[in-house]
Amino acid sequence: MLILGVESSCDESGVALVEARGEGVPRLLAHALHSQIEMHQAYGGVVPELASRDHIRRLVPLAREVLARAGCAASQIDVVAYTRGPGLAGALLVGAGLACALAAALDRPVLGVHHLEGHLLSPFLGADPPEFPFVALLVSGGHTQLMRVDGVGRYETLGETIDDAAGEAFDKCAKLLGLGYPGGPQLARLAEFGDPDAFDLPRPLLHNGTLDFSFAGLKTAVLTQVKRLGPNVCEQDRANLAAATQAAIVEVLVKKSLTALRQTGLRRLVVAGGVGANKLLREQLNRACERRGVRVHYPELALCTDNGAMIALAAAMRLQAGQAQASRDYAFDVWPRWALEAA
Ligand code: ATP
Ligand code: MG
Ligand code: FE
């Protein structure tokens, strides 16, 4: 079964072709991605209207590219999958519209999938796919949550952020440090030259016993330091503040993940979403988990942030598990706000 996946929830246009055979882990045949980051950089963040318009320009060429790379004809596609939500409404509509138009033209069924389910399952495309059940740490630009995952479509939220997401915290603090968008990777790069102990930043909710997160206070603390240092701040202070910010975010993510593993008694952790690309987070999680005999699984670096492969994969795994049915109802709908547990 060949599944074409279309992702357009935010600022990445992604298309991919995945093959599902029997019960086996689906195989990625080809994927293509266009990041709009450069276009949005001038505005310091994603401009929804510009994002939608760019998806319109990119998705059809990307779909052609994927089919060519996979050596497949459009007529070989069995199901067309798209991101139904959550995300920017206009951007989602473009992907859903393309997916349904293509499916209607080919007389094939469509399936709308949950963007975070794509992130969560993306490690299955890696060299070391996990086994259920596991704890998932979902850390992206818009979400930060710990989930208990017992199987495809069996997701229980253990804790989540009560304000900013981890990626959002990276992005906002990076902006305060004068770095461009998206700030996560840039802040991480600056932090390499800094001393994380040079500033004492808060770790909100670290010891409150819950698995919830809060990052808004960290942003305020960084702002206070930026103001104190003033406009003539030296490079070393900026690097130190970046390192301290990264250390604070990472420490909270690691400690809460360990608490979730302890509370559930599970011995497997899956890390997904853009912040999962962070080197310090990976190092500290690997070290802590190794000591406890816990296996950690990550998506390939290129599949940490948004892509079409994870959407095709989520659709494939849903269909294999009998947890969804693709349909020929092309009157599509998008769900900009949609809890993963409800998927
Ligand atoms: P969501 O999936 O919640 O809708 P999103 O799709 O925008 O949000 P992703 O594409 O998964 O989020 O991830 C983007 C986020 O990951 C950004 O906030 C970015 O700064 C962050 N990020 C990417 N690479 C790194 C890194 N190396 N270190 C820290 N943060 C990173
Ligand atoms: Mg993005
Ligand atoms: Fe995402």
# chains A, B, ... in the order shown; residues from 1 in each chain; ligands from 1
>>> residues_near_ligand(ligand="ligand 2", cutoff="9 Å", atoms="only C-alpha atoms and all ligand atoms", output="PDB file with N, CA and C atoms, in the first residue's frame")
ATOM      1  N   SER A   9       1.146  22.405   8.148  1.00  0.00           N
ATOM      2  CA  SER A   9       0.495  23.013   9.316  1.00  0.00           C
ATOM      3  C   SER A   9       1.097  24.340   9.735  1.00  0.00           C
ATOM      4  N   CYS A  10       2.359  24.590   9.317  1.00  0.00           N
ATOM      5  CA  CYS A  10       3.008  25.817   9.784  1.00  0.00           C
ATOM      6  C   CYS A  10       3.883  26.386   8.677  1.00  0.00           C
ATOM      7  N   ASP A  11       5.195  26.342   8.849  1.00  0.00           N
ATOM      8  CA  ASP A  11       6.070  26.992   7.875  1.00  0.00           C
ATOM      9  C   ASP A  11       6.943  26.010   7.111  1.00  0.00           C
ATOM     10  N   GLU A  12       6.535  24.740   7.088  1.00  0.00           N
ATOM     11  CA  GLU A  12       7.251  23.765   6.279  1.00  0.00           C
ATOM     12  C   GLU A  12       6.254  23.099   5.338  1.00  0.00           C
ATOM     13  N   SER A  35      11.340  24.562   3.339  1.00  0.00           N
ATOM     14  CA  SER A  35      11.186  25.354   4.549  1.00  0.00           C
ATOM     15  C   SER A  35      11.005  26.823   4.185  1.00  0.00           C
ATOM     16  N   GLN A  36      10.030  27.464   4.825  1.00  0.00           N
ATOM     17  CA  GLN A  36       9.759  28.883   4.566  1.00  0.00           C
ATOM     18  C   GLN A  36      10.539  29.791   5.513  1.00  0.00           C
ATOM     19  N   ILE A  37      11.439  29.188   6.298  1.00  0.00           N
ATOM     20  CA  ILE A  37      12.098  29.949   7.362  1.00  0.00           C
ATOM     21  C   ILE A  37      12.665  31.279   6.861  1.00  0.00           C
ATOM     22  N   VAL A  46       6.560  33.439  12.183  1.00  0.00           N
ATOM     23  CA  VAL A  46       5.753  32.989  11.048  1.00  0.00           C
ATOM     24  C   VAL A  46       4.579  33.941  10.796  1.00  0.00           C
ATOM     25  N   SER A 140       8.013  20.531  20.760  1.00  0.00           N
ATOM     26  CA  SER A 140       8.038  21.207  19.464  1.00  0.00           C
ATOM     27  C   SER A 140       7.858  22.708  19.669  1.00  0.00           C
ATOM     28  N   GLY A 141       7.609  23.393  18.563  1.00  0.00           N
ATOM     29  CA  GLY A 141       7.451  24.837  18.640  1.00  0.00           C
ATOM     30  C   GLY A 141       6.169  25.250  19.337  1.00  0.00           C
ATOM     31  N   PRO A 182      14.220  30.622  13.294  1.00  0.00           N
ATOM     32  CA  PRO A 182      13.809  30.169  14.620  1.00  0.00           C
ATOM     33  C   PRO A 182      15.001  30.102  15.563  1.00  0.00           C
ATOM     34  N   GLY A 274      10.752  19.340  17.155  1.00  0.00           N
ATOM     35  CA  GLY A 274      11.946  20.100  16.804  1.00  0.00           C
ATOM     36  C   GLY A 274      12.997  20.201  17.894  1.00  0.00           C
ATOM     37  N   THR A 305      11.986  18.168  12.901  1.00  0.00           N
ATOM     38  CA  THR A 305      11.045  19.253  12.626  1.00  0.00           C
ATOM     39  C   THR A 305      10.035  18.767  11.582  1.00  0.00           C
ATOM     40  N   ASP A 306       9.100  19.639  11.219  1.00  0.00           N
ATOM     41  CA  ASP A 306       7.970  19.220  10.387  1.00  0.00           C
ATOM     42  C   ASP A 306       8.401  18.638   9.040  1.00  0.00           C
ATOM     43  N   ASN A 307       7.668  17.626   8.606  1.00  0.00           N
ATOM     44  CA  ASN A 307       7.966  16.980   7.320  1.00  0.00           C
ATOM     45  C   ASN A 307       6.771  16.152   6.875  1.00  0.00           C
TER      46      ASN A 307
END
>>> residues_near_ligand(ligand="ligand 1", cutoff="8 Å", atoms="only C-alpha atoms and all ligand atoms", output="ChimeraX atom specification")
/A:9-12,86-87,115-116,119,139-144,165-171,181-188,246,272-279,304-306
>>> write_last_selection(atoms="C-alpha atoms", output="mmCIF file, in the first residue's frame")
data_model
loop_
_atom_site.group_PDB
_atom_site.id
_atom_site.type_symbol
_atom_site.label_atom_id
_atom_site.label_comp_id
_atom_site.auth_asym_id
_atom_site.auth_seq_id
_atom_site.Cartn_x
_atom_site.Cartn_y
_atom_site.Cartn_z
ATOM 1 C CA SER A 9 0.495 23.013 9.316
ATOM 2 C CA CYS A 10 3.008 25.817 9.784
ATOM 3 C CA ASP A 11 6.070 26.992 7.875
ATOM 4 C CA GLU A 12 7.251 23.765 6.279
ATOM 5 C CA PRO A 86 -3.418 21.288 14.849
ATOM 6 C CA GLY A 87 -1.791 24.271 13.158
ATOM 7 C CA HIS A 115 0.329 16.564 13.312
ATOM 8 C CA LEU A 116 1.616 15.580 16.755
ATOM 9 C CA HIS A 119 5.970 13.775 15.396
ATOM 10 C CA VAL A 139 8.838 18.994 22.414
ATOM 11 C CA SER A 140 8.038 21.207 19.464
ATOM 12 C CA GLY A 141 7.451 24.837 18.640
ATOM 13 C CA GLY A 142 3.842 24.794 19.797
ATOM 14 C CA HIS A 143 3.654 21.874 22.217
ATOM 15 C CA THR A 144 5.404 20.369 25.196
ATOM 16 C CA ALA A 165 6.138 25.366 24.741
ATOM 17 C CA ALA A 166 9.827 24.424 25.032
ATOM 18 C CA GLY A 167 10.503 25.418 21.422
ATOM 19 C CA GLU A 168 8.659 28.667 21.986
ATOM 20 C CA ALA A 169 10.853 29.322 25.049
ATOM 21 C CA PHE A 170 13.962 28.708 22.942
ATOM 22 C CA ASP A 171 12.603 31.024 20.220
ATOM 23 C CA TYR A 181 14.094 33.029 13.877
ATOM 24 C CA PRO A 182 13.809 30.169 14.620
ATOM 25 C CA GLY A 183 15.889 30.736 17.692
ATOM 26 C CA GLY A 184 16.334 27.191 18.996
ATOM 27 C CA PRO A 185 19.233 26.104 16.790
ATOM 28 C CA GLN A 186 20.862 29.566 16.939
ATOM 29 C CA LEU A 187 20.636 29.770 20.718
ATOM 30 C CA ALA A 188 22.114 26.266 20.955
ATOM 31 C CA GLN A 246 19.452 26.124 27.334
ATOM 32 C CA ALA A 272 10.011 13.881 19.172
ATOM 33 C CA GLY A 273 9.487 17.393 17.807
ATOM 34 C CA GLY A 274 11.946 20.100 16.804
ATOM 35 C CA VAL A 275 13.540 20.544 20.234
ATOM 36 C CA GLY A 276 14.397 16.836 20.063
ATOM 37 C CA ALA A 277 17.192 17.915 17.721
ATOM 38 C CA ASN A 278 18.906 19.739 20.593
ATOM 39 C CA LYS A 279 22.323 18.234 21.273
ATOM 40 C CA CYS A 304 12.689 16.125 14.005
ATOM 41 C CA THR A 305 11.045 19.253 12.626
ATOM 42 C CA ASP A 306 7.970 19.220 10.387
#
>>> closest_residue(among="A:Ala16, A:Cys289, A:Leu120, A:Val152", to="ligand 3", atoms="only C-alpha atoms and all ligand atoms")
A:Leu120
>>> residues_around(residues="A:His114", least_positions_apart="4", cutoff="10 Å", atoms="only C-alpha atoms", output="ChimeraX atom specification")
/A:82-87,118-120,311,314-315,335,338-340,342-343
>>> residues_around(residues="A:Ala260", least_positions_apart="5", cutoff="9 Å", atoms="only C-alpha atoms", output="list in words")
Val135, Leu146, Met147, Arg148, Leu158, Gly159, Leu211, Lys255, Gly265 and Leu266 of chain A
>>> closest_residue(among="A:Met1, A:Val110, A:Ala191, A:Pro61", to="A:Ala174", atoms="only C-alpha atoms")
A:Ala191
>>> residues_around(residues="A:Ala324", least_positions_apart="5", cutoff="9 Å", atoms="only C-alpha atoms", output="PyMOL selection string")
chain A and resi 111+153+315+318-319
>>> write_last_selection(atoms="N, CA and C atoms", output="PDB file, in the first residue's frame")
ATOM      1  N   LEU A 111      -7.148  10.552   4.095  1.00  0.00           N
ATOM      2  CA  LEU A 111      -7.154  10.410   5.553  1.00  0.00           C
ATOM      3  C   LEU A 111      -6.458  11.623   6.160  1.00  0.00           C
ATOM      4  N   GLY A 153      -2.718   5.214  18.318  1.00  0.00           N
ATOM      5  CA  GLY A 153      -4.033   5.742  18.695  1.00  0.00           C
ATOM      6  C   GLY A 153      -4.366   5.586  20.170  1.00  0.00           C
ATOM      7  N   ALA A 315      -0.438   7.988   9.005  1.00  0.00           N
ATOM      8  CA  ALA A 315      -1.593   7.441   8.288  1.00  0.00           C
ATOM      9  C   ALA A 315      -1.403   5.946   8.065  1.00  0.00           C
ATOM     10  N   ARG A 318      -1.830   4.032  11.361  1.00  0.00           N
ATOM     11  CA  ARG A 318      -3.256   4.035  11.741  1.00  0.00           C
ATOM     12  C   ARG A 318      -4.020   2.994  10.928  1.00  0.00           C
ATOM     13  N   LEU A 319      -3.786   2.986   9.623  1.00  0.00           N
ATOM     14  CA  LEU A 319      -4.502   2.057   8.743  1.00  0.00           C
ATOM     15  C   LEU A 319      -4.121   0.610   9.072  1.00  0.00           C
TER      16      LEU A 319
END
>>> closest_residue(among="A:Leu88, A:Ala242, A:Leu281, A:Leu269", to="ligand 3", atoms="only C-alpha atoms and all ligand atoms")
A:Leu88
>>> select_by_dssp(residues="stretch 85-264 of chain A", states="alpha helix (DSSP H)", output="ChimeraX atom specification")
/A:89-106,115-121,166-176,183-191,216-229,235-264
>>> write_last_selection(atoms="C-alpha atoms", output="JSON list (two decimals), in the first residue's frame")
[["chain", "number", "residue", "atom", "x", "y", "z"],
["A", 89, "ALA", "CA", -5.99, 27.22, 9.69],
["A", 90, "GLY", "CA", -5.10, 28.75, 6.32],
["A", 91, "ALA", "CA", -1.91, 26.73, 6.01],
["A", 92, "LEU", "CA", -3.72, 23.50, 6.90],
["A", 93, "LEU", "CA", -6.43, 24.24, 4.32],
["A", 94, "VAL", "CA", -3.86, 24.38, 1.53],
["A", 95, "GLY", "CA", -2.50, 20.91, 2.31],
["A", 96, "ALA", "CA", -5.95, 19.44, 2.85],
["A", 97, "GLY", "CA", -7.16, 21.02, -0.39],
["A", 98, "LEU", "CA", -4.26, 19.63, -2.40],
["A", 99, "ALA", "CA", -4.61, 16.16, -0.81],
["A", 100, "CYS", "CA", -8.35, 15.97, -1.48],
["A", 101, "ALA", "CA", -8.07, 17.32, -5.02],
["A", 102, "LEU", "CA", -5.37, 14.81, -5.87],
["A", 103, "ALA", "CA", -7.30, 11.96, -4.26],
["A", 104, "ALA", "CA", -10.50, 12.92, -6.07],
["A", 105, "ALA", "CA", -8.67, 13.07, -9.40],
["A", 106, "LEU", "CA", -7.16, 9.61, -8.78],
["A", 115, "HIS", "CA", 0.33, 16.56, 13.31],
["A", 116, "LEU", "CA", 1.62, 15.58, 16.76],
["A", 117, "GLU", "CA", 0.90, 11.92, 16.09],
["A", 118, "GLY", "CA", 3.25, 12.34, 13.14],
["A", 119, "HIS", "CA", 5.97, 13.77, 15.40],
["A", 120, "LEU", "CA", 5.35, 11.08, 17.99],
["A", 121, "LEU", "CA", 5.62, 8.18, 15.55],
["A", 166, "ALA", "CA", 9.83, 24.42, 25.03],
["A", 167, "GLY", "CA", 10.50, 25.42, 21.42],
["A", 168, "GLU", "CA", 8.66, 28.67, 21.99],
["A", 169, "ALA", "CA", 10.85, 29.32, 25.05],
["A", 170, "PHE", "CA", 13.96, 28.71, 22.94],
["A", 171, "ASP", "CA", 12.60, 31.02, 20.22],
["A", 172, "LYS", "CA", 11.52, 33.84, 22.57],
["A", 173, "CYS", "CA", 14.73, 33.80, 24.62],
["A", 174, "ALA", "CA", 16.78, 33.72, 21.41],
["A", 175, "LYS", "CA", 14.91, 36.81, 20.22],
["A", 176, "LEU", "CA", 15.72, 38.58, 23.51],
["A", 183, "GLY", "CA", 15.89, 30.74, 17.69],
["A", 184, "GLY", "CA", 16.33, 27.19, 19.00],
["A", 185, "PRO", "CA", 19.23, 26.10, 16.79],
["A", 186, "GLN", "CA", 20.86, 29.57, 16.94],
["A", 187, "LEU", "CA", 20.64, 29.77, 20.72],
["A", 188, "ALA", "CA", 22.11, 26.27, 20.96],
["A", 189, "ARG", "CA", 25.02, 27.32, 18.74],
["A", 190, "LEU", "CA", 25.74, 30.46, 20.82],
["A", 191, "ALA", "CA", 25.46, 28.40, 24.02],
["A", 216, "ALA", "CA", 6.95, 31.77, 30.71],
["A", 217, "GLY", "CA", 8.88, 32.67, 33.89],
["A", 218, "LEU", "CA", 12.17, 31.71, 32.28],
["A", 219, "LYS", "CA", 11.52, 34.15, 29.45],
["A", 220, "THR", "CA", 10.86, 36.94, 32.00],
["A", 221, "ALA", "CA", 14.07, 36.06, 33.88],
["A", 222, "VAL", "CA", 16.09, 36.21, 30.65],
["A", 223, "LEU", "CA", 14.50, 39.57, 29.81],
["A", 224, "THR", "CA", 15.52, 40.91, 33.23],
["A", 225, "GLN", "CA", 19.14, 39.85, 32.60],
["A", 226, "VAL", "CA", 19.14, 41.29, 29.08],
["A", 227, "LYS", "CA", 17.96, 44.64, 30.46],
["A", 228, "ARG", "CA", 20.54, 44.54, 33.25],
["A", 229, "LEU", "CA", 23.37, 43.84, 30.79],
["A", 235, "GLU", "CA", 29.79, 38.43, 23.45],
["A", 236, "GLN", "CA", 30.81, 36.27, 26.41],
["A", 237, "ASP", "CA", 27.84, 37.43, 28.52],
["A", 238, "ARG", "CA", 25.47, 36.71, 25.64],
["A", 239, "ALA", "CA", 26.94, 33.23, 25.22],
["A", 240, "ASN", "CA", 26.74, 32.63, 28.97],
["A", 241, "LEU", "CA", 23.11, 33.68, 29.06],
["A", 242, "ALA", "CA", 22.32, 31.45, 26.08],
["A", 243, "ALA", "CA", 24.04, 28.52, 27.79],
["A", 244, "ALA", "CA", 22.16, 29.17, 31.05],
["A", 245, "THR", "CA", 18.84, 29.37, 29.17],
["A", 246, "GLN", "CA", 19.45, 26.12, 27.33],
["A", 247, "ALA", "CA", 20.57, 24.41, 30.55],
["A", 248, "ALA", "CA", 17.40, 25.51, 32.36],
["A", 249, "ILE", "CA", 15.07, 24.24, 29.62],
["A", 250, "VAL", "CA", 16.96, 20.98, 29.19],
["A", 251, "GLU", "CA", 17.14, 20.25, 32.93],
["A", 252, "VAL", "CA", 13.38, 20.57, 33.31],
["A", 253, "LEU", "CA", 12.71, 18.37, 30.24],
["A", 254, "VAL", "CA", 15.12, 15.67, 31.45],
["A", 255, "LYS", "CA", 13.92, 15.61, 35.07],
["A", 256, "LYS", "CA", 10.24, 15.48, 34.14],
["A", 257, "SER", "CA", 10.87, 12.73, 31.58],
["A", 258, "LEU", "CA", 12.61, 10.65, 34.26],
["A", 259, "THR", "CA", 9.70, 11.24, 36.64],
["A", 260, "ALA", "CA", 7.26, 10.08, 33.95],
["A", 261, "LEU", "CA", 9.31, 6.93, 33.39],
["A", 262, "ARG", "CA", 9.41, 6.26, 37.13],
["A", 263, "GLN", "CA", 5.68, 6.88, 37.60],
["A", 264, "THR", "CA", 4.62, 4.67, 34.68]]
>>> atom_distance(atom1="atom CA of A:His207", atom2="atom CA of A:Glu160")
14.9 Å
>>> atom_distance(atom1="atom CA of A:Tyr155", atom2="atom CA of A:Val113")
14.3 Å
>>> closest_residue(among="A:Thr210, A:Ser327, A:Ser122, A:Ser52", to="ligand 3", atoms="only C-alpha atoms and all ligand atoms")
A:Ser122
>>> closest_residue(among="A:Arg53, A:His31, A:Val15, A:Leu138", to="ligand 3", atoms="only C-alpha atoms and all ligand atoms")
A:Leu138
>>> atom_distance(atom1="atom CA of A:Pro123", atom2="atom CA of A:Val18")
14.2 Å
>>> select_by_dssp(residues="stretch 94-141 of chain A", states="strand (DSSP E or B)", output="list in words")
Val110, Leu111, Gly112, Val113, His114, Phe134, Val135, Ala136, Leu137, Leu138 and Val139 of chain A
>>> closest_residue(among="A:Leu285, A:Val79, A:Val47, A:Ala32", to="A:Gln325", atoms="only C-alpha atoms")
A:Val79
>>> residues_around(residues="stretch 127-134 of chain A", least_positions_apart="2", cutoff="8 Å", atoms="only C-alpha atoms", output="JSON, numbers by chain")
{"A": [123, 124, 125, 136, 148, 149, 150, 151, 266, 267, 268, 269, 270, 297]}
>>> decode(residues="stretch 262-294 of chain A", atoms="N, CA and C atoms", output="short mmCIF file (atom, residue, chain, number, x, y, z; two decimals), in the first residue's frame")
data_model
loop_
_atom_site.label_atom_id
_atom_site.label_comp_id
_atom_site.auth_asym_id
_atom_site.auth_seq_id
_atom_site.Cartn_x
_atom_site.Cartn_y
_atom_site.Cartn_z
N ARG A 262 9.52 6.87 35.79
CA ARG A 262 9.41 6.26 37.13
C ARG A 262 7.94 6.00 37.46
N GLN A 263 7.10 7.00 37.24
CA GLN A 263 5.68 6.88 37.60
C GLN A 263 4.96 5.80 36.79
N THR A 264 5.31 5.65 35.52
CA THR A 264 4.62 4.67 34.68
C THR A 264 5.28 3.29 34.76
N GLY A 265 6.53 3.26 35.24
CA GLY A 265 7.27 2.01 35.28
C GLY A 265 7.73 1.56 33.90
N LEU A 266 7.60 2.42 32.90
CA LEU A 266 8.01 2.05 31.54
C LEU A 266 9.52 2.25 31.39
N ARG A 267 10.11 1.50 30.47
CA ARG A 267 11.57 1.54 30.32
C ARG A 267 11.98 1.98 28.92
N ARG A 268 11.10 2.73 28.27
CA ARG A 268 11.38 3.19 26.93
C ARG A 268 10.91 4.64 26.79
N LEU A 269 11.75 5.46 26.18
CA LEU A 269 11.41 6.87 26.00
C LEU A 269 11.57 7.24 24.53
N VAL A 270 10.57 7.93 24.00
CA VAL A 270 10.64 8.43 22.64
C VAL A 270 10.65 9.96 22.72
N VAL A 271 11.58 10.59 22.05
CA VAL A 271 11.65 12.05 22.06
C VAL A 271 11.33 12.53 20.65
N ALA A 272 10.38 13.43 20.51
CA ALA A 272 10.01 13.88 19.17
C ALA A 272 9.69 15.37 19.15
N GLY A 273 9.72 15.96 17.96
CA GLY A 273 9.49 17.39 17.81
C GLY A 273 10.81 18.12 17.65
N GLY A 274 10.75 19.34 17.15
CA GLY A 274 11.95 20.10 16.80
C GLY A 274 13.00 20.20 17.89
N VAL A 275 12.57 20.40 19.14
CA VAL A 275 13.54 20.54 20.23
C VAL A 275 14.29 19.23 20.47
N GLY A 276 13.73 18.14 19.98
CA GLY A 276 14.40 16.84 20.06
C GLY A 276 15.70 16.81 19.28
N ALA A 277 15.93 17.82 18.46
CA ALA A 277 17.19 17.91 17.72
C ALA A 277 18.30 18.51 18.59
N ASN A 278 17.92 19.05 19.75
CA ASN A 278 18.91 19.74 20.59
C ASN A 278 19.96 18.77 21.14
N LYS A 279 21.22 19.13 20.93
CA LYS A 279 22.32 18.23 21.27
C LYS A 279 22.44 18.02 22.78
N LEU A 280 22.33 19.12 23.54
CA LEU A 280 22.47 18.99 24.99
C LEU A 280 21.35 18.12 25.56
N LEU A 281 20.13 18.30 25.04
CA LEU A 281 19.00 17.48 25.50
C LEU A 281 19.29 16.01 25.24
N ARG A 282 19.78 15.70 24.05
CA ARG A 282 20.07 14.31 23.71
C ARG A 282 21.17 13.74 24.60
N GLU A 283 22.23 14.53 24.81
CA GLU A 283 23.34 14.05 25.65
C GLU A 283 22.86 13.75 27.06
N GLN A 284 22.10 14.70 27.63
CA GLN A 284 21.70 14.52 29.03
C GLN A 284 20.67 13.41 29.18
N LEU A 285 19.76 13.29 28.23
CA LEU A 285 18.77 12.21 28.28
C LEU A 285 19.48 10.86 28.12
N ASN A 286 20.40 10.79 27.18
CA ASN A 286 21.12 9.52 26.95
C ASN A 286 21.83 9.09 28.22
N ARG A 287 22.52 10.04 28.84
CA ARG A 287 23.30 9.71 30.04
C ARG A 287 22.37 9.24 31.16
N ALA A 288 21.31 10.02 31.42
CA ALA A 288 20.40 9.70 32.52
C ALA A 288 19.69 8.37 32.27
N CYS A 289 19.31 8.13 31.03
CA CYS A 289 18.55 6.91 30.72
C CYS A 289 19.44 5.68 30.75
N GLU A 290 20.68 5.84 30.30
CA GLU A 290 21.60 4.71 30.31
C GLU A 290 21.79 4.21 31.74
N ARG A 291 21.95 5.18 32.64
CA ARG A 291 22.14 4.83 34.05
C ARG A 291 20.95 4.04 34.61
N ARG A 292 19.76 4.29 34.06
CA ARG A 292 18.55 3.65 34.58
C ARG A 292 18.09 2.47 33.73
N GLY A 293 18.86 2.11 32.74
CA GLY A 293 18.48 0.99 31.89
C GLY A 293 17.27 1.30 31.01
N VAL A 294 17.10 2.58 30.65
CA VAL A 294 15.98 2.99 29.79
C VAL A 294 16.50 3.21 28.37
#
